[in-house]
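*Asks:* Handing you this structure, nothing more for now.
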Amino acid sequence: MEQTTPHPVSAAAAGTWLLGDLEVNRIGFGAMRLTGSAAFHQGTPRDRGQAIATLRRAVELGVNHIDTAAFYFSRLRSANELINSALAPYADDLVIATKVGPARDADGEWATSARPEQLRGQVEENLRQLGRDHLDLVNLRLMGQDSISEHFGALAALRDAGLVRHLGISHARREHLAQAEEIAPVVCVQNRYGVDAPGGQEMVRACAERGIAFVPFFSLAGQGREAGAVRAEHDEIRAVARAHGVSPARIRLAWTLAQGAHVLAIPGTGDPEHLVDNVAAGALRLTADELRSLDSLGRSAG
């Protein structure tokens with residue numbers, strides 16, 4: 001289908017939000033799929049030149065919020081290294097967010113997640129790979145623990161030391177947010193959430209009440225998660241896409257952005273054409289009837 005983009009594509013069309021004191025466009029970029037056709041060691045390795053071109057094109061289109069992690073690597077590629085090669089020296093308004101907590105060994109296998117005293121090493125690893133002297137935003141990615149106070153406290157100490165500017169949490173529940181806020185300001189929560197991924201509304205509302213960003217992941221991949229979209233698209237999404245003459249992916253992202261002014265999108269791709277389509281979602285406004293139709297997918301899934 002021919003994709004309609006009647007106006008110049010710009011991430012600014014989605015509006016902006018503050019991550020602490022850092023203003024970002026609400027359409028950002030997730031780096032997980034830069035390294036291959038699927039995340040981590042799955043799929044075909046991405047052509048390095050294409051991945052670098054995609055990052056540079058993202059910035060040209062106004063993307064100023066990139067989400068990454070040191071554990072985003074495949075057999076041949078490292079997301080942080082690609083970002084460094086493509087974008088350094090970094091623009092003053094470019095915000096690079098990363099995650100710590102999980103760990104992978106040199107073979108790509110998941111290892112035991114970091115203890116609180118090991119988080120400094122993970123932060124320093126991100127600093128080296130990105131070529132930065134501080135990190136704009138570090139999210140603590142939870143790995144099933146009930147209490148995050150020790151881990152978040154360790155990151156707060158690194159913030160006080162100047163290695164980190166702002167903090168967030170990922171894969172978290174409301175009690176985790178409360179624990180973190182007792183220790184240091186939280187500027188965002190990253191959780192799985194999408195038009196057909198129910199269960200996230202409570203955290204969306206909690207973030208809105210606090211004036212902090214909610215940054216969903218797997219909004220495009222849905223049930224495919226790290227492997228990407230693996231099932232046929234829902235009829236409801238296809239119908240709305242046909243009505244607008246755009247891709248189902250653009251509809252998914254437009255729905256995501258419609259969930260609140262504090263909701264940011266970080267779709268990932270290593271394909272420049274897919275990138276343009278994703279960024280164009282920031283200018284797409286869905287009608288109330290269309291939103292109700294799409295909302296029904298979440299209720300059915302729940």
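Just remember, in the structure tokens the first chain shown is A, the second B, etc., residues are 1-based per chain, and ligands are 1-based in the order shown.
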Find the spatial neighbours of A:Leu286, counting only C-alpha atoms, within a cut-off of 8 Å - ignore same-chain residues fewer than 3 positions away - and output them as a PyMOL selection string.
*Replies:* chain A and resi 254-255+258+290-291
*Asks:* Per residue of stretch 57-121 of chain A within 10 Å of stretch 156-180 of chain A, note the shortest atom pair and the distance in Å to one decimal, counting only C-alpha atoms, and order the rows by chain and increasing residue number, as a tab-separated table.
*Replies:*
```
residue	atom	partner	partner_atom	distance
A:Ala97	CA	A:His166	CA	9.1
A:Thr98	CA	A:Gly168	CA	9.6
A:Lys99	CA	A:Ser170	CA	8.2
A:Val100	CA	A:Ser170	CA	9.6
A:Gly101	CA	A:Ser170	CA	9.8
A:Leu119	CA	A:Leu158	CA	9.1
A:Arg120	CA	A:Leu158	CA	7.2
```
*Asks:* Write the residues of the selection above to a file with N, CA, C and O atoms, as a PDB file, in the first residue's frame.
*Replies:*
```
ATOM      1  N   ALA A  97      19.003   7.696  26.499  1.00  0.00           N
ATOM      2  CA  ALA A  97      18.598   6.961  27.697  1.00  0.00           C
ATOM      3  C   ALA A  97      19.119   5.537  27.595  1.00  0.00           C
ATOM      4  O   ALA A  97      19.103   4.932  26.517  1.00  0.00           O
ATOM      5  N   THR A  98      19.571   4.993  28.705  1.00  0.00           N
ATOM      6  CA  THR A  98      20.042   3.611  28.708  1.00  0.00           C
ATOM      7  C   THR A  98      19.456   2.876  29.904  1.00  0.00           C
ATOM      8  O   THR A  98      18.753   3.475  30.730  1.00  0.00           O
ATOM      9  N   LYS A  99      19.720   1.583  29.962  1.00  0.00           N
ATOM     10  CA  LYS A  99      19.170   0.738  31.024  1.00  0.00           C
ATOM     11  C   LYS A  99      20.285  -0.071  31.659  1.00  0.00           C
ATOM     12  O   LYS A  99      21.228  -0.477  30.977  1.00  0.00           O
ATOM     13  N   VAL A 100      20.145  -0.323  32.946  1.00  0.00           N
ATOM     14  CA  VAL A 100      21.069  -1.194  33.656  1.00  0.00           C
ATOM     15  C   VAL A 100      20.269  -2.169  34.503  1.00  0.00           C
ATOM     16  O   VAL A 100      19.092  -1.974  34.756  1.00  0.00           O
ATOM     17  N   GLY A 101      20.939  -3.210  34.925  1.00  0.00           N
ATOM     18  CA  GLY A 101      20.307  -4.269  35.717  1.00  0.00           C
ATOM     19  C   GLY A 101      20.564  -5.618  35.085  1.00  0.00           C
ATOM     20  O   GLY A 101      21.304  -6.434  35.633  1.00  0.00           O
ATOM     21  N   LEU A 119      26.182  -2.021  39.770  1.00  0.00           N
ATOM     22  CA  LEU A 119      25.538  -1.093  38.842  1.00  0.00           C
ATOM     23  C   LEU A 119      26.499  -0.011  38.358  1.00  0.00           C
ATOM     24  O   LEU A 119      26.395   0.462  37.225  1.00  0.00           O
ATOM     25  N   ARG A 120      27.437   0.392  39.201  1.00  0.00           N
ATOM     26  CA  ARG A 120      28.415   1.395  38.753  1.00  0.00           C
ATOM     27  C   ARG A 120      29.195   0.873  37.547  1.00  0.00           C
ATOM     28  O   ARG A 120      29.419   1.608  36.585  1.00  0.00           O
TER      29      ARG A 120
END
```
*Asks:* In stretch 72-298 of chain A, what's helix (DSSP H, G or I) per DSSP? Answer as a VMD selection string?
*Replies:* chain A and resid 79 to 87 116 to 130 149 to 160 174 to 181 201 to 210 222 to 227 235 to 244 248 to 257 272 to 283 288 to 298
*Asks:* I'd like the neighbourhood of A:Ile66 as a list in words, where a residue qualifies if any of its atoms comes within 10 Å (using only C-alpha atoms), though same-chain residues fewer than 3 positions away should be ignored.
*Replies:*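 Final neighbour list, sorted by chain and number: Val24, Ile27, Gly28, Phe29, Gly30, Ala31, Leu55, Ala58, Val59, Val63, Ile83, Leu94, Val95, Ile96, Ala97, Thr98, Ile266, Pro267 and Gly268 of chain A.
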*Asks:* Using only C-alpha atoms, which of A:Leu34, A:Leu220, A:Leu294, A:Ala281 sits nearest A:Ala14?
*Replies:*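 With only C-alpha atoms as the atom set, the closest residue is A:Ala281.
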*Asks:* Mind giving me the straight-line distance from atom CA of A:Asn278 to atom CA of A:Ser247 in Å, one decimal?
*Replies:*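 About the pair atom CA of A:Asn278 and atom CA of A:Ser247: they are 9.2 Å apart.
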*Asks:* Go ahead and compute the interatomic distance for atom CA of A:Gln190 and atom CA of A:Tyr72, in Å to one decimal.
*Replies:*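 Atom CA of A:Gln190 sits 16.1 Å away from atom CA of A:Tyr72.
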*Asks:* DSSP says strand (DSSP E) for which residues of stretch 120-186 of chain A? Put them as a list in words?
*Replies:*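 Result set for stretch 120-186 of chain A (strand (DSSP E)): Leu135, Asp136, Leu137, Val138, Asn139, Leu140, Arg141, Val164, Arg165, His166, Leu167, Gly168, Ile169 and Ser170 of chain A.
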*Asks:* Go through A:Pro185, A:Gly121, A:Gly199, A:Gly260 and flag the residue nearest A:Val215, using only C-alpha atoms for the distances.
*Replies:*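 Checking each of A:Pro185, A:Gly121, A:Gly199, A:Gly260 against A:Val215, counting only C-alpha atoms, the winner is A:Gly260.
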*Asks:* Mind dumping a table of every stretch 134-217 of chain A residue within 12 Å of stretch 103-116 of chain A, with the nearest atom pair and its distance in Å to one decimal, using only C-alpha atoms, sorted by chain and rising number, as CSV?
*Replies:*
```
residue,atom,partner,partner_atom,distance
A:Leu140,CA,A:Ala114,CA,10.4
A:Arg141,CA,A:Ser113,CA,9.5
A:Leu142,CA,A:Ser113,CA,9.0
A:Met143,CA,A:Ser113,CA,7.2
A:Gly144,CA,A:Ser113,CA,10.2
A:Gln145,CA,A:Ser113,CA,10.5
A:Ser147,CA,A:Pro116,CA,11.8
A:Ile148,CA,A:Pro116,CA,9.3
A:Ser149,CA,A:Pro116,CA,9.4
A:Glu150,CA,A:Pro116,CA,6.1
A:His151,CA,A:Pro116,CA,4.5
A:Phe152,CA,A:Pro116,CA,7.9
A:Gly153,CA,A:Pro116,CA,8.1
A:Ala154,CA,A:Pro116,CA,5.8
A:Leu155,CA,A:Pro116,CA,8.2
A:Ala156,CA,A:Pro116,CA,11.0
A:Ala157,CA,A:Pro116,CA,10.8
A:Leu158,CA,A:Pro116,CA,11.3
```
*Asks:* Please compute the atom CA of A:Gly211-atom CA of A:Ala249 distance, one decimal, in Å.
*Replies:*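 Atom-to-atom, atom CA of A:Gly211 to atom CA of A:Ala249, that is 27.3 Å.
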*Asks:* Identify, on the basis of only C-alpha atoms, every residue whose closest approach to A:Ala51 does not exceed 10 Å; exclude the query and any residue fewer than 3 positions from it along the same chain; express the result as a compact mmCIF listing (two decimals) with N, CA, C and O atoms, in the first residue's frame.
*Replies:*
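Output (around_32.txt):
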```txt
# COMPACT_ATOMS: atom_id res chain seq x y z
N ALA A 31 16.81 1.51 20.19
CA ALA A 31 17.99 0.98 19.50
C ALA A 31 18.08 -0.55 19.51
O ALA A 31 19.00 -1.10 18.92
N ARG A 33 16.68 -2.99 17.96
CA ARG A 33 16.68 -3.71 16.69
C ARG A 33 17.74 -3.21 15.72
O ARG A 33 17.80 -3.67 14.57
N LEU A 34 18.57 -2.29 16.15
CA LEU A 34 19.66 -1.83 15.29
C LEU A 34 20.65 -2.94 14.95
O LEU A 34 21.27 -2.93 13.89
N THR A 35 20.80 -3.89 15.86
CA THR A 35 21.86 -4.87 15.71
C THR A 35 21.49 -6.05 14.81
O THR A 35 22.36 -6.80 14.37
N GLY A 36 20.20 -6.25 14.56
CA GLY A 36 19.79 -7.37 13.73
C GLY A 36 18.31 -7.31 13.42
O GLY A 36 17.58 -6.44 13.90
N ARG A 46 22.33 -6.95 11.23
CA ARG A 46 22.03 -5.76 10.44
C ARG A 46 23.28 -5.27 9.73
O ARG A 46 24.38 -5.33 10.28
N ASP A 47 23.13 -4.81 8.50
CA ASP A 47 24.24 -4.17 7.81
C ASP A 47 24.65 -2.93 8.59
O ASP A 47 23.82 -2.08 8.91
N ARG A 48 25.94 -2.82 8.90
CA ARG A 48 26.41 -1.74 9.76
C ARG A 48 26.16 -0.38 9.13
O ARG A 48 25.72 0.56 9.80
N THR A 54 20.44 4.81 9.40
CA THR A 54 19.14 4.92 10.06
C THR A 54 19.22 5.87 11.26
O THR A 54 18.34 6.72 11.46
N LEU A 55 20.26 5.75 12.05
CA LEU A 55 20.43 6.64 13.20
C LEU A 55 20.57 8.09 12.75
O LEU A 55 19.94 8.99 13.33
N ARG A 56 21.39 8.32 11.74
CA ARG A 56 21.58 9.70 11.28
C ARG A 56 20.29 10.27 10.68
O ARG A 56 19.98 11.44 10.87
N ARG A 57 19.55 9.41 9.98
CA ARG A 57 18.27 9.86 9.42
C ARG A 57 17.28 10.19 10.54
O ARG A 57 16.51 11.15 10.43
N ARG A 77 27.16 -6.86 16.15
CA ARG A 77 26.85 -5.45 16.33
C ARG A 77 26.56 -5.10 17.79
O ARG A 77 26.01 -5.91 18.54
N ALA A 79 24.62 -1.91 19.83
CA ALA A 79 23.81 -0.71 19.63
C ALA A 79 24.55 0.54 20.09
O ALA A 79 24.53 1.57 19.40
N LEU A 82 27.21 1.54 17.62
CA LEU A 82 26.61 2.13 16.42
C LEU A 82 26.19 3.57 16.68
O LEU A 82 26.41 4.46 15.85
N ILE A 83 25.57 3.82 17.84
CA ILE A 83 25.15 5.18 18.19
C ILE A 83 26.36 6.11 18.26
O ILE A 83 26.34 7.23 17.73
N ALA A 86 27.74 6.75 14.74
CA ALA A 86 26.84 7.52 13.88
C ALA A 86 26.66 8.96 14.33
O ALA A 86 26.56 9.87 13.49
N THR A 269 13.89 0.28 14.73
CA THR A 269 14.05 -0.32 13.42
C THR A 269 15.48 -0.09 12.95
O THR A 269 16.16 0.82 13.44
N GLY A 270 15.93 -0.90 12.00
CA GLY A 270 17.20 -0.66 11.35
C GLY A 270 17.00 -0.33 9.89
O GLY A 270 17.96 -0.29 9.11
N ASP A 271 15.75 -0.09 9.50
CA ASP A 271 15.37 0.18 8.12
C ASP A 271 14.97 1.65 7.98
O ASP A 271 14.00 2.08 8.59
N PRO A 272 15.67 2.43 7.15
CA PRO A 272 15.34 3.86 7.03
C PRO A 272 13.91 4.12 6.58
O PRO A 272 13.29 5.11 7.01
```
